[in-house]
$ cat query22.csv   # CSV, C-alpha atoms
chain,number,residue,atom,x,y,z
A,14,MET,CA,24.8,-30.5,16.9
A,15,ASN,CA,21.7,-28.5,16.0
A,16,TRP,CA,23.5,-25.2,16.1
A,17,LYS,CA,25.9,-26.3,13.4
A,18,ILE,CA,23.0,-26.9,11.1
A,19,PHE,CA,21.0,-23.8,12.1
A,20,LEU,CA,23.9,-21.3,12.2
A,21,PRO,CA,24.6,-21.0,8.5
A,22,LEU,CA,20.8,-20.4,7.9
A,23,LEU,CA,20.5,-17.7,10.5
A,24,PRO,CA,21.3,-14.6,8.3
A,25,VAL,CA,18.8,-15.8,5.6
A,26,LEU,CA,16.1,-16.3,8.2
A,27,LEU,CA,16.7,-12.9,9.8
A,28,LEU,CA,16.6,-11.1,6.5
A,29,ALA,CA,13.6,-12.9,5.2
A,30,GLY,CA,11.5,-12.2,8.4
A,31,CYS,CA,12.4,-8.6,9.1
A,32,VAL,CA,10.6,-6.6,6.5
A,33,THR,CA,6.8,-6.1,6.9
A,34,SER,CA,4.5,-3.6,5.3
A,35,SER,CA,1.0,-2.9,6.6
A,36,PHE,CA,-2.0,-1.3,5.0
A,37,THR,CA,-4.8,0.1,7.1
A,38,ARG,CA,-7.9,1.1,5.1
A,39,VAL,CA,-9.6,4.0,6.7
A,40,THR,CA,-12.4,4.2,4.1
A,41,PRO,CA,-16.0,3.2,5.1
A,42,LEU,CA,-17.2,-0.2,3.7
A,43,GLN,CA,-20.1,1.5,2.0
A,44,GLN,CA,-20.8,5.0,0.7
A,45,PRO,CA,-23.9,6.7,-0.6
A,46,ARG,CA,-24.1,7.1,-4.4
A,47,ASN,CA,-23.0,10.6,-5.6
A,48,PRO,CA,-23.5,12.3,-8.9
A,49,ASN,CA,-19.9,12.6,-10.0
A,50,ASN,CA,-19.3,8.8,-9.5
A,51,LEU,CA,-16.0,9.4,-7.7
A,52,TYR,CA,-15.6,8.0,-4.2
A,53,PRO,CA,-13.0,8.9,-1.6
A,54,VAL,CA,-10.6,6.3,-0.3
A,55,GLU,CA,-7.9,6.6,2.4
A,56,VAL,CA,-5.1,4.3,3.6
A,57,ILE,CA,-2.3,4.3,6.1
A,58,PHE,CA,0.9,2.7,4.9
A,59,ASN,CA,3.6,1.5,7.3
A,60,SER,CA,6.8,-0.4,6.7
A,61,SER,CA,9.5,-1.8,8.9
A,62,GLN,CA,12.0,-1.8,6.0
A,63,GLN,CA,14.9,0.3,7.2
A,64,SER,CA,16.3,0.9,3.7
A,65,LEU,CA,13.0,2.3,2.3
A,66,ARG,CA,13.4,5.8,1.0
A,67,TRP,CA,10.2,7.5,2.2
A,68,ASP,CA,10.8,10.5,0.0
A,69,SER,CA,10.4,8.3,-3.1
A,70,LEU,CA,7.0,6.9,-2.3
A,71,LYS,CA,4.5,6.9,-5.1
A,72,PRO,CA,1.1,5.8,-3.8
A,73,PHE,CA,-1.8,4.6,-6.0
A,74,VAL,CA,-5.2,3.1,-5.8
A,75,LEU,CA,-5.7,0.3,-8.4
A,76,VAL,CA,-9.1,-0.1,-9.9
A,77,ASN,CA,-9.9,-2.4,-12.9
A,78,GLY,CA,-6.3,-2.4,-14.0
A,79,GLU,CA,-6.0,1.4,-13.8
A,80,LEU,CA,-3.7,3.3,-11.4
A,81,TYR,CA,-5.0,6.5,-9.8
A,82,PRO,CA,-2.6,8.6,-7.8
A,83,LEU,CA,-3.1,9.2,-4.1
A,84,ARG,CA,-2.0,12.4,-2.3
A,85,PRO,CA,-0.8,12.7,1.3
A,86,VAL,CA,-3.4,13.8,3.9
A,87,PRO,CA,-2.3,17.1,5.4
A,88,VAL,CA,-0.8,17.0,8.9
A,89,VAL,CA,-1.2,13.2,9.2
A,90,GLN,CA,1.9,11.1,8.6
A,91,ASN,CA,1.9,8.0,6.4
A,92,ARG,CA,-1.8,8.5,5.4
A,93,TRP,CA,-2.9,9.0,1.7
A,94,GLU,CA,-6.2,9.8,0.1
A,95,GLY,CA,-7.7,9.7,-3.4
A,96,PHE,CA,-10.8,8.8,-5.4
A,97,VAL,CA,-12.0,5.7,-7.1
A,98,PRO,CA,-14.4,5.8,-10.1
A,99,VAL,CA,-17.5,3.7,-10.0
A,100,ALA,CA,-19.8,3.3,-12.9
A,101,PRO,CA,-23.3,4.9,-12.4
A,102,THR,CA,-25.0,1.5,-12.7
A,103,ALA,CA,-22.5,-0.5,-10.5
A,104,SER,CA,-23.3,-1.4,-7.0
A,105,GLY,CA,-19.7,-1.4,-5.9
A,106,VAL,CA,-16.0,-1.7,-6.8
A,107,ILE,CA,-13.1,-3.8,-5.9
A,108,TYR,CA,-9.8,-2.0,-5.4
A,109,ARG,CA,-6.4,-2.2,-3.8
A,110,PHE,CA,-3.6,0.1,-2.9
A,111,LYS,CA,-0.1,0.0,-4.5
A,112,PHE,CA,3.0,1.8,-3.2
A,113,GLU,CA,6.0,2.1,-5.4
A,114,TYR,CA,9.3,3.2,-3.8
A,115,LEU,CA,13.1,3.1,-3.9
A,116,TYR,CA,15.2,1.4,-1.3
A,117,ASN,CA,18.9,1.7,-0.5
A,118,THR,CA,21.3,-1.1,-1.2
A,119,PHE,CA,25.0,-1.5,-0.3
A,120,GLY,CA,27.4,-0.4,-3.0
A,121,THR,CA,24.8,0.2,-5.7
A,122,GLU,CA,22.2,2.8,-6.7
A,123,PRO,CA,18.8,2.6,-5.0
A,124,ARG,CA,16.5,-0.1,-6.3
A,125,SER,CA,12.8,0.1,-7.0
A,126,SER,CA,10.2,-2.1,-5.4
A,127,SER,CA,6.5,-2.0,-4.6
A,128,ASP,CA,4.0,-3.3,-2.1
A,129,VAL,CA,0.3,-4.1,-2.8
A,130,SER,CA,-2.5,-4.3,-0.4
A,131,PRO,CA,-5.1,-7.0,-0.2
A,132,LEU,CA,-8.3,-6.5,-2.2
A,133,TYR,CA,-11.0,-4.2,-0.7
A,134,ASN,CA,-14.6,-3.9,-1.6
A,135,LEU,CA,-16.5,-0.6,-1.6
A,136,LYS,CA,-20.3,-1.0,-1.7
A,137,ILE,CA,-22.4,1.9,-3.1
A,138,VAL,CA,-25.8,2.3,-1.5
A,139,GLU,CA,-28.8,4.2,-2.9

$ encode --input "query22.csv" --output "structure tokens"
Amino acid sequence: MNWKIFLPLLPVLLLAGCVTSSFTRVTPLQQPRNPNNLYPVEVIFNSSQQSLRWDSLKPFVLVNGELYPLRPVPVVQNRWEGFVPVAPTASGVIYRFKFEYLYNTFGTEPRSSSDVSPLYNLKIVE
């Protein structure tokens, strides 16, 4: 009896639970203040989405509503680096990573989507 109720929902449950993306911040939690007020950040992005078109990835770091591009780290797969600006008088900054991409669909052109990381805090020390 339970199978008759559960069986029609099975495809929806399988599709909803299959796609996961993960962000691994590889940036220190704090950095010494530097004269140019730009601080390096790095992230590893992974996704289990089979239809994701990896060649279409556009990674960014989002700071105060502004997107700053990230570039791939040479020789290391799925790892990106960039810089976040911090005001000379600020003691830190809150930022997150955003990855825009295309994914394949059946019978139509690829569609766009994006994933956003949790918020991260970078502390600037004197």

$ residues_around --input "query22.csv" --residues "range 114-127 of chain A" --least-positions-apart "6" --cutoff "6 Å" --atoms "all atoms listed in the file" --output "list in words"
Ser64, Leu65, Arg66, Ser69 and Leu70 of chain A

$ atom_distance --input "query22.csv" --atom1 "CA of Lys136 in chain A" --atom2 "CA of Leu51 in chain A"
12.8 Å

$ residues_around --input "query22.csv" --residues "range 80-96 of chain A" --least-positions-apart "5" --cutoff "12 Å" --atoms "only C-alpha atoms" --output "count of residues only"
35

$ closest_residue --input "query22.csv" --among "A:Asn47, A:Gly105, A:Thr33, A:Gln62" --to "Tyr133 in chain A" --atoms "only C-alpha atoms"
A:Gly105

$ atom_distance --input "query22.csv" --atom1 "CA of Val76 in chain A" --atom2 "CA of Pro48 in chain A"
19.0 Å

$ atom_distance --input "query22.csv" --atom1 "CA of Asn77 in chain A" --atom2 "CA of Ile107 in chain A"
7.8 Å

$ closest_residue --input "query22.csv" --among "A:Pro41, A:Gln63, A:Ile137, A:Pro131" --to "Pro98 in chain A" --atoms "all atoms listed in the file"
A:Ile137
